[in-house]
$ cat data-v5.tsv   # TSV, N, CA and C atoms
chain	number	residue	atom	x	y	z
A	1013	MET	N	-115.86	-152.99	-130.22
A	1013	MET	CA	-114.89	-153.64	-131.06
A	1013	MET	C	-113.93	-152.60	-131.63
A	1014	ALA	N	-112.65	-152.87	-131.53
A	1014	ALA	CA	-111.66	-151.91	-132.01
A	1014	ALA	C	-111.53	-152.03	-133.52
A	1015	THR	N	-111.33	-150.91	-134.17
A	1015	THR	CA	-111.14	-150.92	-135.62
A	1015	THR	C	-109.69	-150.62	-135.94
A	1016	ARG	N	-109.26	-151.19	-137.00
A	1016	ARG	CA	-107.88	-150.95	-137.43
A	1016	ARG	C	-107.85	-149.72	-138.32
A	1017	SER	N	-106.82	-148.96	-138.16
A	1017	SER	CA	-106.69	-147.78	-139.02
A	1017	SER	C	-105.85	-148.15	-140.23
A	1018	ASN	N	-106.12	-147.52	-141.32
A	1018	ASN	CA	-105.39	-147.76	-142.55
A	1018	ASN	C	-104.30	-146.69	-142.67
A	1019	PRO	N	-102.99	-147.10	-142.60
A	1019	PRO	CA	-101.93	-146.10	-142.63
A	1019	PRO	C	-101.89	-145.31	-143.93
A	1020	LYS	N	-102.34	-145.90	-145.04
A	1020	LYS	CA	-102.35	-145.17	-146.30
A	1020	LYS	C	-103.36	-144.04	-146.27
A	1021	LYS	N	-104.48	-144.26	-145.61
A	1021	LYS	CA	-105.50	-143.22	-145.53
A	1021	LYS	C	-105.10	-142.12	-144.55
A	1022	GLN	N	-104.27	-142.45	-143.59
A	1022	GLN	CA	-103.84	-141.45	-142.63
A	1022	GLN	C	-102.92	-140.42	-143.27
A	1023	ARG	N	-102.16	-140.83	-144.25
A	1023	ARG	CA	-101.20	-139.95	-144.90
A	1023	ARG	C	-101.89	-139.26	-146.08
A	1024	ARG	N	-102.50	-138.17	-145.82
A	1024	ARG	CA	-103.21	-137.44	-146.87
A	1024	ARG	C	-102.52	-136.12	-147.14
A	1025	GLY	N	-102.80	-135.57	-148.27
A	1025	GLY	CA	-102.20	-134.29	-148.62
A	1025	GLY	C	-101.08	-134.49	-149.62
A	1026	LYS	N	-100.42	-133.40	-149.93
A	1026	LYS	CA	-99.34	-133.44	-150.91
A	1026	LYS	C	-98.10	-134.06	-150.31
A	1027	ARG	N	-97.33	-134.68	-151.17
A	1027	ARG	CA	-96.05	-135.23	-150.75
A	1027	ARG	C	-95.06	-134.08	-150.60
A	1028	PRO	N	-94.06	-134.26	-149.74
A	1028	PRO	CA	-93.02	-133.23	-149.68
A	1028	PRO	C	-92.27	-133.18	-151.01
A	1029	PRO	N	-91.67	-132.05	-151.38
A	1029	PRO	CA	-91.04	-131.92	-152.69
A	1029	PRO	C	-89.98	-132.97	-153.00
A	1030	GLN	N	-89.23	-133.45	-152.01
A	1030	GLN	CA	-88.17	-134.40	-152.29
A	1030	GLN	C	-88.69	-135.78	-152.67
A	1031	THR	N	-89.97	-136.08	-152.44
A	1031	THR	CA	-90.49	-137.41	-152.79
A	1031	THR	C	-91.48	-137.37	-153.95
A	1032	ARG	N	-91.64	-136.24	-154.59
A	1032	ARG	CA	-92.53	-136.19	-155.75
A	1032	ARG	C	-91.96	-137.07	-156.85
A	1033	ARG	N	-92.83	-137.64	-157.63
A	1033	ARG	CA	-92.38	-138.59	-158.65
A	1033	ARG	C	-92.47	-138.02	-160.06
A	1034	ASN	N	-92.43	-136.73	-160.20
A	1034	ASN	CA	-92.46	-136.16	-161.55
A	1034	ASN	C	-91.03	-135.89	-162.00
A	1035	LYS	N	-90.85	-135.69	-163.29
A	1035	LYS	CA	-89.51	-135.53	-163.82
A	1035	LYS	C	-89.00	-134.10	-163.67
A	1036	ARG	N	-89.88	-133.16	-163.62
A	1036	ARG	CA	-89.45	-131.77	-163.50
A	1036	ARG	C	-89.37	-131.37	-162.03
A	1037	PRO	N	-88.36	-130.57	-161.69
A	1037	PRO	CA	-88.30	-130.09	-160.31
A	1037	PRO	C	-89.46	-129.13	-160.05
A	1038	PRO	N	-89.91	-129.02	-158.81
A	1038	PRO	CA	-91.01	-128.11	-158.53
A	1038	PRO	C	-90.61	-126.68	-158.85
A	1039	GLN	N	-91.58	-125.90	-159.29
A	1039	GLN	CA	-91.29	-124.50	-159.60
A	1039	GLN	C	-90.94	-123.77	-158.31
A	1040	GLN	N	-89.89	-122.98	-158.41
A	1040	GLN	CA	-89.45	-122.25	-157.25
A	1040	GLN	C	-89.83	-120.78	-157.37
A	1041	SER	N	-90.10	-120.19	-156.24
A	1041	SER	CA	-90.45	-118.78	-156.27
A	1041	SER	C	-89.20	-117.92	-156.44
A	1042	GLU	N	-88.04	-118.44	-156.02
A	1042	GLU	CA	-86.78	-117.72	-156.17
A	1042	GLU	C	-86.02	-118.29	-157.35
A	1043	PRO	N	-85.28	-117.47	-158.08
A	1043	PRO	CA	-84.46	-118.01	-159.18
A	1043	PRO	C	-83.30	-118.83	-158.61
A	1044	MET	N	-82.81	-119.76	-159.43
A	1044	MET	CA	-81.70	-120.62	-159.00
A	1044	MET	C	-80.42	-119.81	-158.95
A	1045	SER	N	-79.58	-120.17	-158.01
A	1045	SER	CA	-78.25	-119.57	-157.96
A	1045	SER	C	-77.40	-120.21	-159.05
A	1046	ASP	N	-76.25	-119.58	-159.33
A	1046	ASP	CA	-75.36	-120.14	-160.35
A	1046	ASP	C	-74.88	-121.53	-159.97
A	1047	ALA	N	-74.58	-121.74	-158.69
A	1047	ALA	CA	-74.11	-123.05	-158.23
A	1047	ALA	C	-75.20	-124.10	-158.41
A	1048	GLU	N	-76.44	-123.76	-158.08
A	1048	GLU	CA	-77.54	-124.72	-158.26
A	1048	GLU	C	-77.76	-125.03	-159.73
A	1049	ARG	N	-77.66	-124.01	-160.57
A	1049	ARG	CA	-77.84	-124.22	-162.01
A	1049	ARG	C	-76.74	-125.12	-162.56
A	1050	GLU	N	-75.49	-124.90	-162.13
A	1050	GLU	CA	-74.38	-125.74	-162.58
A	1050	GLU	C	-74.57	-127.19	-162.11
A	1051	ASP	N	-75.03	-127.36	-160.87
A	1051	ASP	CA	-75.27	-128.71	-160.35
A	1051	ASP	C	-76.34	-129.41	-161.16
A	1052	LEU	N	-77.40	-128.69	-161.50
A	1052	LEU	CA	-78.49	-129.27	-162.29
A	1052	LEU	C	-78.01	-129.64	-163.69
A	1053	GLU	N	-77.22	-128.77	-164.31
A	1053	GLU	CA	-76.69	-129.07	-165.64
A	1053	GLU	C	-75.76	-130.28	-165.60
A	1054	LEU	N	-74.93	-130.37	-164.56
A	1054	LEU	CA	-74.04	-131.51	-164.41
A	1054	LEU	C	-74.83	-132.80	-164.25
A	1055	ALA	N	-75.87	-132.77	-163.42
A	1055	ALA	CA	-76.71	-133.95	-163.20
A	1055	ALA	C	-77.37	-134.40	-164.50
A	1056	GLU	N	-77.88	-133.44	-165.27
A	1056	GLU	CA	-78.52	-133.77	-166.55
A	1056	GLU	C	-77.51	-134.37	-167.52
A	1057	GLU	N	-76.28	-133.83	-167.53
A	1057	GLU	CA	-75.24	-134.37	-168.42
A	1057	GLU	C	-74.86	-135.79	-168.02
A	1058	ILE	N	-74.72	-136.03	-166.72
A	1058	ILE	CA	-74.38	-137.37	-166.24
A	1058	ILE	C	-75.45	-138.37	-166.64
A	1059	LEU	N	-76.71	-138.00	-166.50
A	1059	LEU	CA	-77.81	-138.90	-166.88
A	1059	LEU	C	-77.81	-139.16	-168.38
A	1060	ARG	N	-77.58	-138.11	-169.18
A	1060	ARG	CA	-77.57	-138.27	-170.63
A	1060	ARG	C	-76.43	-139.19	-171.05
A	1061	VAL	N	-75.23	-138.98	-170.52
A	1061	VAL	CA	-74.07	-139.81	-170.89
A	1061	VAL	C	-74.28	-141.25	-170.45
A	1062	SER	N	-74.84	-141.45	-169.25
A	1062	SER	CA	-75.05	-142.82	-168.78
A	1062	SER	C	-76.03	-143.57	-169.66
A	1063	LYS	N	-77.05	-142.88	-170.16
A	1063	LYS	CA	-78.00	-143.53	-171.07
A	1063	LYS	C	-77.33	-143.89	-172.39
A	1064	GLU	N	-76.45	-142.99	-172.86
A	1064	GLU	CA	-75.76	-143.25	-174.13
A	1064	GLU	C	-74.79	-144.42	-174.00
A	1065	GLU	N	-74.14	-144.55	-172.85
A	1065	GLU	CA	-73.12	-145.58	-172.67
A	1065	GLU	C	-73.68	-146.91	-172.18
A	1066	GLU	N	-74.96	-146.96	-171.87
A	1066	GLU	CA	-75.56	-148.20	-171.34
A	1066	GLU	C	-75.44	-149.35	-172.34
A	1067	ALA	N	-75.66	-149.07	-173.62
A	1067	ALA	CA	-75.58	-150.13	-174.63
A	1067	ALA	C	-74.17	-150.71	-174.70
A	1068	ASP	N	-73.14	-149.85	-174.62
A	1068	ASP	CA	-71.77	-150.34	-174.64
A	1068	ASP	C	-71.49	-151.21	-173.42
A	1069	PHE	N	-72.00	-150.80	-172.27
A	1069	PHE	CA	-71.80	-151.57	-171.05
A	1069	PHE	C	-72.44	-152.95	-171.17
A	1070	VAL	N	-73.67	-152.99	-171.66
A	1070	VAL	CA	-74.39	-154.26	-171.79
A	1070	VAL	C	-73.65	-155.18	-172.77
A	1071	ALA	N	-73.16	-154.63	-173.88
A	1071	ALA	CA	-72.43	-155.44	-174.85
A	1071	ALA	C	-71.14	-155.98	-174.22
A	1072	GLY	N	-70.45	-155.16	-173.45
A	1072	GLY	CA	-69.24	-155.60	-172.78
A	1072	GLY	C	-69.52	-156.67	-171.75
A	1073	TRP	N	-70.62	-156.51	-171.03
A	1073	TRP	CA	-71.01	-157.51	-170.01
A	1073	TRP	C	-71.32	-158.84	-170.68
A	1074	ASP	N	-72.06	-158.80	-171.79
A	1074	ASP	CA	-72.38	-160.04	-172.51
A	1074	ASP	C	-71.12	-160.74	-172.99
A	1075	LYS	N	-70.15	-159.96	-173.49
A	1075	LYS	CA	-68.89	-160.53	-173.96
A	1075	LYS	C	-68.13	-161.17	-172.78
A	1076	PHE	N	-68.12	-160.50	-171.64
A	1076	PHE	CA	-67.46	-161.00	-170.44
A	1076	PHE	C	-68.09	-162.32	-169.99
A	1077	MET	N	-69.41	-162.39	-169.98
A	1077	MET	CA	-70.10	-163.61	-169.56
A	1077	MET	C	-69.80	-164.76	-170.53
A	1078	LYS	N	-69.70	-164.47	-171.82
A	1078	LYS	CA	-69.36	-165.51	-172.78
A	1078	LYS	C	-67.95	-166.03	-172.55
A	1079	GLN	N	-67.02	-165.12	-172.22
A	1079	GLN	CA	-65.65	-165.54	-171.95
A	1079	GLN	C	-65.58	-166.46	-170.74
A	1080	LEU	N	-66.45	-166.23	-169.77
A	1080	LEU	CA	-66.49	-167.09	-168.59
A	1080	LEU	C	-67.21	-168.40	-168.86
A	1081	GLY	N	-67.88	-168.48	-169.99
A	1081	GLY	CA	-68.61	-169.69	-170.32
A	1081	GLY	C	-70.02	-169.72	-169.74
A	1082	ILE	N	-70.50	-168.58	-169.31
A	1082	ILE	CA	-71.86	-168.49	-168.74
A	1082	ILE	C	-72.79	-168.06	-169.87
A	1083	ARG	N	-73.68	-168.97	-170.24
A	1083	ARG	CA	-74.56	-168.69	-171.37
A	1083	ARG	C	-76.04	-168.65	-170.99
A	1084	ALA	N	-76.36	-169.13	-169.83
A	1084	ALA	CA	-77.77	-169.20	-169.43
A	1084	ALA	C	-78.14	-168.00	-168.55
A	1085	LYS	N	-79.43	-167.82	-168.40
A	1085	LYS	CA	-79.90	-166.77	-167.50
A	1085	LYS	C	-79.71	-167.25	-166.06
A	1086	PRO	N	-79.49	-166.31	-165.13
A	1086	PRO	CA	-79.29	-166.71	-163.74
A	1086	PRO	C	-80.55	-167.36	-163.16
A	1087	ILE	N	-80.33	-168.25	-162.19
A	1087	ILE	CA	-81.45	-168.89	-161.51
A	1087	ILE	C	-81.47	-168.42	-160.07
A	1088	GLY	N	-82.60	-168.56	-159.43
A	1088	GLY	CA	-82.74	-168.14	-158.05
A	1088	GLY	C	-82.11	-169.13	-157.07
A	1089	ALA	N	-82.00	-168.71	-155.82
A	1089	ALA	CA	-81.38	-169.54	-154.78
A	1089	ALA	C	-82.16	-170.82	-154.54
A	1090	LYS	N	-83.48	-170.73	-154.54
A	1090	LYS	CA	-84.30	-171.93	-154.29
A	1090	LYS	C	-84.11	-172.95	-155.40
A	1091	LYS	N	-84.09	-172.47	-156.64
A	1091	LYS	CA	-83.90	-173.38	-157.78
A	1091	LYS	C	-82.52	-174.02	-157.71
A	1092	LEU	N	-81.50	-173.24	-157.34
A	1092	LEU	CA	-80.15	-173.78	-157.19
A	1092	LEU	C	-80.11	-174.86	-156.11
A	1093	GLN	N	-80.78	-174.60	-155.00
A	1093	GLN	CA	-80.82	-175.58	-153.91
A	1093	GLN	C	-81.52	-176.86	-154.36
A	1094	GLU	N	-82.63	-176.71	-155.09
A	1094	GLU	CA	-83.34	-177.88	-155.61
A	1094	GLU	C	-82.44	-178.71	-156.52
A	1095	LEU	N	-81.71	-178.03	-157.41
A	1095	LEU	CA	-80.82	-178.74	-158.33
A	1095	LEU	C	-79.70	-179.45	-157.58
A	1096	ALA	N	-79.15	-178.80	-156.55
A	1096	ALA	CA	-78.08	-179.41	-155.76
A	1096	ALA	C	-78.57	-180.64	-155.03
A	1097	ILE	N	-79.77	-180.58	-154.46
A	1097	ILE	CA	-80.34	-181.73	-153.76
A	1097	ILE	C	-80.60	-182.87	-154.75
A	1098	LYS	N	-81.08	-182.50	-155.93
A	1098	LYS	CA	-81.35	-183.49	-156.97
A	1098	LYS	C	-80.06	-184.22	-157.39
A	1099	GLU	N	-78.93	-183.50	-157.35
A	1099	GLU	CA	-77.64	-184.10	-157.71
A	1099	GLU	C	-77.03	-184.89	-156.56
A	1100	GLY	N	-77.68	-184.89	-155.38
A	1100	GLY	CA	-77.19	-185.70	-154.29
A	1100	GLY	C	-76.54	-184.94	-153.16
A	1101	LEU	N	-76.60	-183.64	-153.15
A	1101	LEU	CA	-76.02	-182.85	-152.08
A	1101	LEU	C	-76.93	-182.91	-150.85
A	1102	ASP	N	-76.35	-183.15	-149.70
A	1102	ASP	CA	-77.12	-183.20	-148.46
A	1102	ASP	C	-77.25	-181.78	-147.92
A	1103	PRO	N	-78.45	-181.23	-147.83
A	1103	PRO	CA	-78.61	-179.85	-147.37
A	1103	PRO	C	-78.25	-179.65	-145.90
A	1104	ASN	N	-78.18	-180.73	-145.14
A	1104	ASN	CA	-77.84	-180.62	-143.71
A	1104	ASN	C	-76.34	-180.78	-143.46
A	1105	ASP	N	-75.58	-181.07	-144.51
A	1105	ASP	CA	-74.13	-181.24	-144.39
A	1105	ASP	C	-73.46	-179.86	-144.46
A	1106	ASN	N	-72.31	-179.75	-143.84
A	1106	ASN	CA	-71.59	-178.48	-143.87
A	1106	ASN	C	-70.37	-178.54	-144.78
A	1107	GLN	N	-70.51	-179.24	-145.89
A	1107	GLN	CA	-69.42	-179.45	-146.83
A	1107	GLN	C	-68.85	-178.13	-147.35
A	1108	PHE	N	-69.69	-177.19	-147.72
A	1108	PHE	CA	-69.22	-175.91	-148.24
A	1108	PHE	C	-68.54	-175.10	-147.15
A	1109	SER	N	-69.10	-175.11	-145.95
A	1109	SER	CA	-68.51	-174.36	-144.84
A	1109	SER	C	-67.11	-174.87	-144.54
A	1110	ARG	N	-66.94	-176.17	-144.56
A	1110	ARG	CA	-65.62	-176.74	-144.28
A	1110	ARG	C	-64.61	-176.29	-145.33
A	1111	GLY	N	-65.04	-176.26	-146.57
A	1111	GLY	CA	-64.13	-175.82	-147.64
A	1111	GLY	C	-63.73	-174.36	-147.48
A	1112	ILE	N	-64.66	-173.52	-147.09
A	1112	ILE	CA	-64.37	-172.10	-146.87
A	1112	ILE	C	-63.41	-171.93	-145.70
A	1113	ILE	N	-63.65	-172.66	-144.62
A	1113	ILE	CA	-62.78	-172.57	-143.45
A	1113	ILE	C	-61.37	-173.05	-143.79
A	1114	GLU	N	-61.25	-174.13	-144.56
A	1114	GLU	CA	-59.94	-174.63	-144.96
A	1114	GLU	C	-59.19	-173.60	-145.81
A	1115	MET	N	-59.90	-172.91	-146.68
A	1115	MET	CA	-59.26	-171.89	-147.52
A	1115	MET	C	-58.76	-170.73	-146.68
A	1116	ARG	N	-59.51	-170.36	-145.65
A	1116	ARG	CA	-59.09	-169.26	-144.77
A	1116	ARG	C	-57.82	-169.62	-144.00
A	1117	GLU	N	-57.72	-170.87	-143.61
A	1117	GLU	CA	-56.60	-171.31	-142.77
A	1117	GLU	C	-55.31	-171.42	-143.56
A	1118	GLU	N	-55.40	-171.48	-144.89
A	1118	GLU	CA	-54.19	-171.61	-145.72
A	1118	GLU	C	-53.38	-170.36	-145.75
$ encode --input "data-v5.tsv" --output "C-alpha cells"
Amino acid sequence: MATRSNPKKQRRGKRPPQTRRNKRPPQQSEPMSDAEREDLELAEEILRVSKEEEADFVAGWDKFMKQLGIRAKPIGAKKLQELAIKEGLDPNDNQFSRGIIEMREE
C-alpha cells in the first residue's frame, strides 16, 4: 500500500532569510553599506508615517462613504445574489450584460 507524504514534514530546517517572520533583519557578518543603511532608514520612515496617517485616511474614507450615502457594512457576493433573487431578479437572465453592452455601443 502506498503512503502519502506530508509536504509540511518534507520542508524541514531553517527558512531562508527573506521569508523569516521576525521584525528584525537577520544579523549580518558584514556591516551595512551607506546605501543599504539609507534604504533601511527610508523604509522605517515610510512605515512610521503610514501608521501615523492611517487614522486620517480612515476618517476621510468614512466621510466619503457618508457622502455617497453608504452607511452599512459591505455584504458578500452570495448574500447580494440572494437578495437580488428575493427581489425578483432572474439569475439566468442576462439583463445586466445587455445593459453593459448597450453602454459600450454608445
$ atom_distance --input "data-v5.tsv" --atom1 "CA of Glu1099 (chain A)" --atom2 "CA of Ile1082 (chain A)"
20.0 Å
$ atom_distance --input "data-v5.tsv" --atom1 "atom C of Ala1071 (chain A)" --atom2 "atom C of Leu1092 (chain A)"
27.7 Å
$ select_by_dssp --input "data-v5.tsv" --residues "region 1050-1092 of chain A" --states "helix (DSSP H, G or I)" --output "PyMOL selection string"
chain A and resi 1050-1080+1089-1092
$ atom_distance --input "data-v5.tsv" --atom1 "atom C of Ser1045 (chain A)" --atom2 "CA of Glu1057 (chain A)"
17.1 Å
